[in-house]
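Structure, as structure tokens:
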Amino acid sequence: MKVLFVATVRSHIGQFHMPFIKRLKELGCTVDGAYKDNSELKQGLDLSLLDNVYEIGFSRSPYSADNINAYKQLKKVINSGNYDAIHCHTPMGAVVTRLAARDARKKGTKVIYTAHGFHFYKGASSLNWKVFYPIEKALSKYTDCLILINNEDYQLAKEKGFEAKRIIKVNGVGVNLSKFKPVSEKEKSELRKEYGFSESDFIMIYPADFCARKNQTMLFEVMRELLKVSSSFRLLLPGSLELADEFIANAKEMGVYDSISFMGYRRDIEKLVALADVSVSSTRQEGLPINIVEAMAVGNPIVATDVRGNNDLVKDGVNGYLVALNDSKAMADRLLELYNNKQLINDFGKKSIESAQLYSEEAVVPEMVKVYEELGLL
């Protein structure tokens, strides 16, 4: 089988899809990739398993004329590639791909789309619904298999009558959890010394690039509440600093900057998560957040906003707490409960470890192989 993986940017394939691509290669498949190269921003990702790579000038904006050129570039690749399957990802990558693959699909090529979180969701703006919903519904008829990774998107696609030949739900992309393991108290102490933190620090971590969707400003408000109680609270924010200037200025203005570590893009996330007491998420919406799966695998309790993607993974009062979006007081209160109750941290952590395995590479990759088998590709 010959398959083309398409995404708007290179890092999406590198961060999320290499476990499945590795399995396809083991099964004797040829796997090509088509995307815009963003390796300067996201370094260290190994995509060497891909047989051929095509640079496509995608734009993430649905209004950009760049996507017209991307359509022409991708159509040329598809028409000359003789692919058995085209597996597309990311909203604009999937829009352009399904339009460019219409002729190939008539000749038998299967088109698969994994939606990593529709832009229309509960709480999304009316503009998102007006722009993205009709496009996705219209293009569903050019989709042989629509794969959803959270309950909200799956139910919506079913209820709204999306016309994909098959609509299925899979537990994410299959996270490689080999580096994300629980650590002993001694190991945690040694990690803290390595990174310059004290055993008395109460450390929270949120690995995410800085942007409005990830909503780090909410965490600054949370920190302002927590620091009224104790100066031992620390917040670690690993993630690309490309858009961080406004956030950093905001943290300084709110008087919490000195208790926050703006760490930049990191390749040692497993160590940073392991030295933390709690993992947090302030996001406005997700598909199925890998940062939470990784935190669960380490054994961290989670305190997160009650939004799509987060609430697939976090069960309130079981492996952490869910709070309303932007309710910084509620999040601070929940974190104080954990700060004052070591046993609760341990109990939630054990449940996190159990749940994380459902989203692991070992659990999800066989599900994806089965999808390909049912499409007659393997």
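Convention: chains lettered A, B, ... in structure tokens order; per-chain residue numbering from 1; ligands numbered from 1 as shown.
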For range 86-92 of chain A, work out the shell of residues within 8 Å, counting only C-alpha atoms and skipping chain neighbours fewer than 5 positions away, then give it as an NGL selection string. :A and (3-8 or 58-62 or 97 or 109-116 or 118-119)
Cut-off 10 Å: closest range 297-365 of chain A/range 150-154 of chain A atom pairs per residue, using only C-alpha atoms, as CSV:
residue,atom,partner,partner_atom,distance
A:Val307,CA,A:Glu152,CA,9.8
A:Arg308,CA,A:Glu152,CA,6.6
A:Gly309,CA,A:Asn150,CA,6.0
A:Asn310,CA,A:Asn150,CA,9.3
A:Asn311,CA,A:Asn150,CA,9.1
A:Asp312,CA,A:Asn150,CA,6.5
A:Leu313,CA,A:Asn150,CA,9.4
Dump as a PDB file, in the first residue's frame, selection limited to N, CA, C and O atoms:
ATOM      1  N   VAL A 307     -13.764  21.753  29.091  1.00  0.00           N
ATOM      2  CA  VAL A 307     -14.021  22.002  27.681  1.00  0.00           C
ATOM      3  C   VAL A 307     -13.746  20.720  26.901  1.00  0.00           C
ATOM      4  O   VAL A 307     -13.159  19.777  27.417  1.00  0.00           O
ATOM      5  N   ARG A 308     -14.187  20.719  25.643  1.00  0.00           N
ATOM      6  CA  ARG A 308     -13.993  19.567  24.766  1.00  0.00           C
ATOM      7  C   ARG A 308     -12.536  19.135  24.754  1.00  0.00           C
ATOM      8  O   ARG A 308     -11.628  19.949  24.690  1.00  0.00           O
ATOM      9  N   GLY A 309     -12.322  17.841  24.816  1.00  0.00           N
ATOM     10  CA  GLY A 309     -10.967  17.301  24.839  1.00  0.00           C
ATOM     11  C   GLY A 309     -10.481  17.104  26.258  1.00  0.00           C
ATOM     12  O   GLY A 309     -10.149  15.981  26.650  1.00  0.00           O
ATOM     13  N   ASN A 310     -10.479  18.161  27.052  1.00  0.00           N
ATOM     14  CA  ASN A 310     -10.114  18.016  28.467  1.00  0.00           C
ATOM     15  C   ASN A 310     -11.063  17.080  29.180  1.00  0.00           C
ATOM     16  O   ASN A 310     -10.658  16.198  29.939  1.00  0.00           O
ATOM     17  N   ASN A 311     -12.379  17.291  28.941  1.00  0.00           N
ATOM     18  CA  ASN A 311     -13.350  16.488  29.700  1.00  0.00           C
ATOM     19  C   ASN A 311     -13.509  15.070  29.162  1.00  0.00           C
ATOM     20  O   ASN A 311     -14.237  14.265  29.739  1.00  0.00           O
ATOM     21  N   ASP A 312     -12.818  14.735  28.067  1.00  0.00           N
ATOM     22  CA  ASP A 312     -12.717  13.333  27.665  1.00  0.00           C
ATOM     23  C   ASP A 312     -11.718  12.598  28.555  1.00  0.00           C
ATOM     24  O   ASP A 312     -11.836  11.392  28.762  1.00  0.00           O
ATOM     25  N   LEU A 313     -10.729  13.329  29.052  1.00  0.00           N
ATOM     26  CA  LEU A 313      -9.614  12.718  29.780  1.00  0.00           C
ATOM     27  C   LEU A 313      -9.711  12.869  31.294  1.00  0.00           C
ATOM     28  O   LEU A 313      -9.293  11.978  32.039  1.00  0.00           O
TER      29      LEU A 313
END
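Our summary of the geometry notes that CA of Pro207 in chain A is positioned 20.4 Å from CA of Tyr339 in chain A.
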Atom-to-atom span, CA of Leu49 in chain A and CA of Lys22 in chain A, Å: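 Separation between CA of Leu49 in chain A and CA of Lys22 in chain A: 7.0 Å.
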Between A:Asp327, A:Glu199, A:Glu26, A:Glu55, which one has atoms that come closest to Met1 in chain A, using only C-alpha atoms?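 Among the listed residues, A:Glu26 lies closest to Met1 in chain A.
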Contacts of Gly320 in chain A at 12 Å (only C-alpha atoms; same-chain gap of 5+ positions) as a PyMOL selection string: chain A and resi 278-281+292+295-296+299-306+310-311+313-315+331+334-335+337-338+344-353+355
Expected file: the selected residues, C-alpha atoms, as a PDB file, in the first residue's frame:
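Heads up, here's the output in part20.pdb:
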ATOM      1  CA  VAL A 278       0.041  18.876  39.438  1.00  0.00           C
ATOM      2  CA  SER A 279      -0.585  19.361  35.726  1.00  0.00           C
ATOM      3  CA  VAL A 280      -2.957  22.145  34.705  1.00  0.00           C
ATOM      4  CA  SER A 281      -4.721  23.262  31.550  1.00  0.00           C
ATOM      5  CA  ILE A 292      -2.757  15.774  29.553  1.00  0.00           C
ATOM      6  CA  ALA A 295       0.764  14.018  32.551  1.00  0.00           C
ATOM      7  CA  MET A 296      -1.668  11.228  33.415  1.00  0.00           C
ATOM      8  CA  GLY A 299       0.796  10.009  37.613  1.00  0.00           C
ATOM      9  CA  ASN A 300      -0.038  13.686  37.968  1.00  0.00           C
ATOM     10  CA  PRO A 301      -3.484  14.813  39.065  1.00  0.00           C
ATOM     11  CA  ILE A 302      -5.013  17.213  36.540  1.00  0.00           C
ATOM     12  CA  VAL A 303      -6.842  20.494  37.127  1.00  0.00           C
ATOM     13  CA  ALA A 304      -8.274  21.690  33.815  1.00  0.00           C
ATOM     14  CA  THR A 305     -10.976  23.715  32.162  1.00  0.00           C
ATOM     15  CA  ASP A 306     -14.194  21.832  31.465  1.00  0.00           C
ATOM     16  CA  ASN A 310     -10.114  18.016  28.467  1.00  0.00           C
ATOM     17  CA  ASN A 311     -13.350  16.488  29.700  1.00  0.00           C
ATOM     18  CA  LEU A 313      -9.614  12.718  29.780  1.00  0.00           C
ATOM     19  CA  VAL A 314     -10.282  14.288  33.171  1.00  0.00           C
ATOM     20  CA  LYS A 315     -13.047  12.819  35.302  1.00  0.00           C
ATOM     21  CA  MET A 331      -9.172  26.587  39.714  1.00  0.00           C
ATOM     22  CA  ARG A 334      -9.095  23.180  43.578  1.00  0.00           C
ATOM     23  CA  LEU A 335      -5.331  23.551  43.515  1.00  0.00           C
ATOM     24  CA  GLU A 337      -7.284  21.403  47.984  1.00  0.00           C
ATOM     25  CA  LEU A 338      -4.464  19.409  46.428  1.00  0.00           C
ATOM     26  CA  LEU A 344      -5.595  13.195  47.345  1.00  0.00           C
ATOM     27  CA  ILE A 345      -2.698  13.893  44.981  1.00  0.00           C
ATOM     28  CA  ASN A 346      -1.634  10.243  45.269  1.00  0.00           C
ATOM     29  CA  ASP A 347      -5.183   8.907  44.786  1.00  0.00           C
ATOM     30  CA  PHE A 348      -5.842  11.044  41.721  1.00  0.00           C
ATOM     31  CA  GLY A 349      -2.419  10.154  40.354  1.00  0.00           C
ATOM     32  CA  LYS A 350      -3.127   6.415  40.504  1.00  0.00           C
ATOM     33  CA  LYS A 351      -6.365   6.904  38.556  1.00  0.00           C
ATOM     34  CA  SER A 352      -4.513   9.026  36.001  1.00  0.00           C
ATOM     35  CA  ILE A 353      -1.987   6.258  35.370  1.00  0.00           C
ATOM     36  CA  SER A 355      -6.676   5.958  32.381  1.00  0.00           C
TER      37      SER A 355
END
The residue from A:Glu190, A:Glu163, A:Asp66, A:Glu246 with the smallest atom-to-atom distance to Phe210 in chain A, counting only C-alpha atoms, is A:Glu246
Run DSSP on the backbone of this structure and report the residues of range 209-287 of chain A it assigns to strand (DSSP E), as a PyMOL selection string. chain A and resi 233-238+260-264+278-281
So that I have them on file, write out the residues from the current selection with all heavy atoms, as an mmCIF file, in the first residue's frame.
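And here is the file that came out, out19.cif:
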data_model
loop_
_atom_site.group_PDB
_atom_site.id
_atom_site.type_symbol
_atom_site.label_atom_id
_atom_site.label_comp_id
_atom_site.auth_asym_id
_atom_site.auth_seq_id
_atom_site.Cartn_x
_atom_site.Cartn_y
_atom_site.Cartn_z
ATOM 1 N N PHE A 233 4.235 28.415 45.577
ATOM 2 C CA PHE A 233 3.642 27.997 44.305
ATOM 3 C C PHE A 233 4.523 28.437 43.138
ATOM 4 O O PHE A 233 4.965 29.585 43.063
ATOM 5 C CB PHE A 233 2.236 28.579 44.142
ATOM 6 C CG PHE A 233 1.215 27.931 45.039
ATOM 7 C CD1 PHE A 233 0.826 28.549 46.221
ATOM 8 C CD2 PHE A 233 0.664 26.704 44.716
ATOM 9 C CE1 PHE A 233 -0.106 27.956 47.063
ATOM 10 C CE2 PHE A 233 -0.266 26.101 45.544
ATOM 11 C CZ PHE A 233 -0.651 26.728 46.721
ATOM 12 N N ARG A 234 4.772 27.494 42.224
ATOM 13 C CA ARG A 234 5.544 27.761 41.013
ATOM 14 C C ARG A 234 4.781 27.216 39.818
ATOM 15 O O ARG A 234 4.197 26.130 39.891
ATOM 16 C CB ARG A 234 6.925 27.088 41.072
ATOM 17 C CG ARG A 234 7.851 27.620 42.150
ATOM 18 C CD ARG A 234 8.257 29.065 41.882
ATOM 19 N NE ARG A 234 8.852 29.240 40.562
ATOM 20 C CZ ARG A 234 10.163 29.187 40.324
ATOM 21 N NH1 ARG A 234 11.005 28.915 41.299
ATOM 22 N NH2 ARG A 234 10.616 29.395 39.100
ATOM 23 N N LEU A 235 4.818 27.952 38.718
ATOM 24 C CA LEU A 235 4.153 27.540 37.490
ATOM 25 C C LEU A 235 5.187 27.438 36.371
ATOM 26 O O LEU A 235 5.892 28.403 36.085
ATOM 27 C CB LEU A 235 3.065 28.549 37.105
ATOM 28 C CG LEU A 235 2.351 28.325 35.761
ATOM 29 C CD1 LEU A 235 1.601 26.994 35.749
ATOM 30 C CD2 LEU A 235 1.387 29.491 35.474
ATOM 31 N N LEU A 236 5.268 26.254 35.746
ATOM 32 C CA LEU A 236 6.182 26.027 34.627
ATOM 33 C C LEU A 236 5.391 26.076 33.321
ATOM 34 O O LEU A 236 4.379 25.374 33.177
ATOM 35 C CB LEU A 236 6.886 24.679 34.756
ATOM 36 C CG LEU A 236 7.541 24.340 36.099
ATOM 37 C CD1 LEU A 236 8.334 23.044 35.978
ATOM 38 C CD2 LEU A 236 8.415 25.473 36.588
ATOM 39 N N LEU A 237 5.874 26.873 32.373
ATOM 40 C CA LEU A 237 5.190 27.026 31.092
ATOM 41 C C LEU A 237 6.159 26.752 29.938
ATOM 42 O O LEU A 237 6.668 27.667 29.296
ATOM 43 C CB LEU A 237 4.607 28.438 30.962
ATOM 44 C CG LEU A 237 3.507 28.811 31.964
ATOM 45 C CD1 LEU A 237 3.087 30.258 31.771
ATOM 46 C CD2 LEU A 237 2.301 27.883 31.828
ATOM 47 N N PRO A 238 6.449 25.466 29.681
ATOM 48 C CA PRO A 238 7.237 25.138 28.491
ATOM 49 C C PRO A 238 6.385 25.310 27.242
ATOM 50 O O PRO A 238 5.218 24.917 27.225
ATOM 51 C CB PRO A 238 7.618 23.674 28.702
ATOM 52 C CG PRO A 238 6.765 23.169 29.812
ATOM 53 C CD PRO A 238 6.046 24.308 30.444
ATOM 54 N N ILE A 260 6.799 32.324 37.862
ATOM 55 C CA ILE A 260 6.486 31.582 36.637
ATOM 56 C C ILE A 260 7.758 31.397 35.825
ATOM 57 O O ILE A 260 8.563 32.320 35.683
ATOM 58 C CB ILE A 260 5.429 32.324 35.792
ATOM 59 C CG1 ILE A 260 4.121 32.476 36.587
ATOM 60 C CG2 ILE A 260 5.167 31.585 34.483
ATOM 61 C CD1 ILE A 260 3.077 33.317 35.885
ATOM 62 N N SER A 261 7.951 30.200 35.291
ATOM 63 C CA SER A 261 9.094 29.919 34.415
ATOM 64 C C SER A 261 8.604 29.822 32.977
ATOM 65 O O SER A 261 7.883 28.881 32.623
ATOM 66 C CB SER A 261 9.776 28.612 34.828
ATOM 67 O OG SER A 261 10.302 28.704 36.127
ATOM 68 N N PHE A 262 8.960 30.817 32.156
ATOM 69 C CA PHE A 262 8.667 30.788 30.730
ATOM 70 C C PHE A 262 9.834 30.060 30.068
ATOM 71 O O PHE A 262 10.919 30.613 29.895
ATOM 72 C CB PHE A 262 8.519 32.212 30.192
ATOM 73 C CG PHE A 262 7.331 32.942 30.752
ATOM 74 C CD1 PHE A 262 7.413 33.621 31.969
ATOM 75 C CD2 PHE A 262 6.128 32.961 30.062
ATOM 76 C CE1 PHE A 262 6.325 34.303 32.481
ATOM 77 C CE2 PHE A 262 5.022 33.637 30.568
ATOM 78 C CZ PHE A 262 5.127 34.305 31.790
ATOM 79 N N MET A 263 9.642 28.819 29.676
ATOM 80 C CA MET A 263 10.758 27.912 29.410
ATOM 81 C C MET A 263 11.094 27.711 27.935
ATOM 82 O O MET A 263 12.106 27.080 27.614
ATOM 83 C CB MET A 263 10.466 26.555 30.053
ATOM 84 C CG MET A 263 10.087 26.661 31.525
ATOM 85 S SD MET A 263 9.885 25.074 32.365
ATOM 86 C CE MET A 263 11.600 24.721 32.762
ATOM 87 N N GLY A 264 10.256 28.224 27.027
ATOM 88 C CA GLY A 264 10.524 28.023 25.609
ATOM 89 C C GLY A 264 10.218 26.596 25.168
ATOM 90 O O GLY A 264 9.790 25.748 25.954
ATOM 91 N N VAL A 278 1.345 18.877 40.106
ATOM 92 C CA VAL A 278 0.041 18.876 39.438
ATOM 93 C C VAL A 278 0.226 19.377 38.010
ATOM 94 O O VAL A 278 1.047 20.267 37.757
ATOM 95 C CB VAL A 278 -0.962 19.798 40.168
ATOM 96 C CG1 VAL A 278 -2.320 19.790 39.464
ATOM 97 C CG2 VAL A 278 -1.132 19.391 41.617
ATOM 98 N N SER A 279 -0.528 18.821 37.076
ATOM 99 C CA SER A 279 -0.585 19.361 35.726
ATOM 100 C C SER A 279 -1.882 20.145 35.564
ATOM 101 O O SER A 279 -2.937 19.733 36.061
ATOM 102 C CB SER A 279 -0.507 18.244 34.686
ATOM 103 O OG SER A 279 0.804 17.710 34.633
ATOM 104 N N VAL A 280 -1.796 21.279 34.868
ATOM 105 C CA VAL A 280 -2.957 22.145 34.705
ATOM 106 C C VAL A 280 -3.186 22.425 33.224
ATOM 107 O O VAL A 280 -2.283 22.267 32.399
ATOM 108 C CB VAL A 280 -2.785 23.472 35.473
ATOM 109 C CG1 VAL A 280 -2.731 23.225 36.975
ATOM 110 C CG2 VAL A 280 -1.536 24.226 35.015
ATOM 111 N N SER A 281 -4.394 22.834 32.909
ATOM 112 C CA SER A 281 -4.721 23.262 31.550
ATOM 113 C C SER A 281 -5.793 24.335 31.617
ATOM 114 O O SER A 281 -6.836 24.141 32.243
ATOM 115 C CB SER A 281 -5.219 22.097 30.698
ATOM 116 O OG SER A 281 -5.708 22.583 29.458
#
Two-atom distance - CA of Phe247 in chain A, CA of Gln216 in chain A (Å): 7.5 Å
Give the alpha helix (DSSP H) residues of range 128-276 of chain A, as DSSP finds them on the backbone, and put them as an MDAnalysis selection string. chainID A and resid 128:139 151:159 185:195 216:226 245:253 269:275
Compile a residue-level contact table for range 218-268 of chain A against range 35-45 of chain A at a cut-off of 10 Å, reporting for every qualifying residue the shortest atom pair and its distance in Å to one decimal, with only C-alpha atoms counted, rows ordered by chain and ascending number, as JSON lines.
{"residue": "A:Ser240", "atom": "CA", "partner": "A:Leu41", "partner_atom": "CA", "distance": 7.6}
{"residue": "A:Leu241", "atom": "CA", "partner": "A:Leu41", "partner_atom": "CA", "distance": 9.6}
{"residue": "A:Glu242", "atom": "CA", "partner": "A:Leu41", "partner_atom": "CA", "distance": 8.3}
{"residue": "A:Tyr265", "atom": "CA", "partner": "A:Lys42", "partner_atom": "CA", "distance": 7.5}
{"residue": "A:Arg266", "atom": "CA", "partner": "A:Gln43", "partner_atom": "CA", "distance": 9.3}
{"residue": "A:Arg267", "atom": "CA", "partner": "A:Gly44", "partner_atom": "CA", "distance": 7.7}
Hey, can you spit out that residue selection with C-alpha atoms as a PDB file, in the first residue's frame?
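Once written, out_7.pdb looks like this:
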ATOM      1  CA  SER A 240       7.273  28.179  21.971  1.00  0.00           C
ATOM      2  CA  LEU A 241       7.890  31.816  22.909  1.00  0.00           C
ATOM      3  CA  GLU A 242       7.158  33.102  19.393  1.00  0.00           C
ATOM      4  CA  TYR A 265      10.183  25.005  23.313  1.00  0.00           C
ATOM      5  CA  ARG A 266      11.582  21.949  25.119  1.00  0.00           C
ATOM      6  CA  ARG A 267      12.615  18.393  24.327  1.00  0.00           C
TER       7      ARG A 267
END
At a cut-off of 7 Å, using only C-alpha atoms, what residues contact Ala332 in chain A? Leave out same-chain residues fewer than 2 positions from it and give the result as a VMD selection string. chain A and resid 222 225 to 226 328 to 330 334 to 336
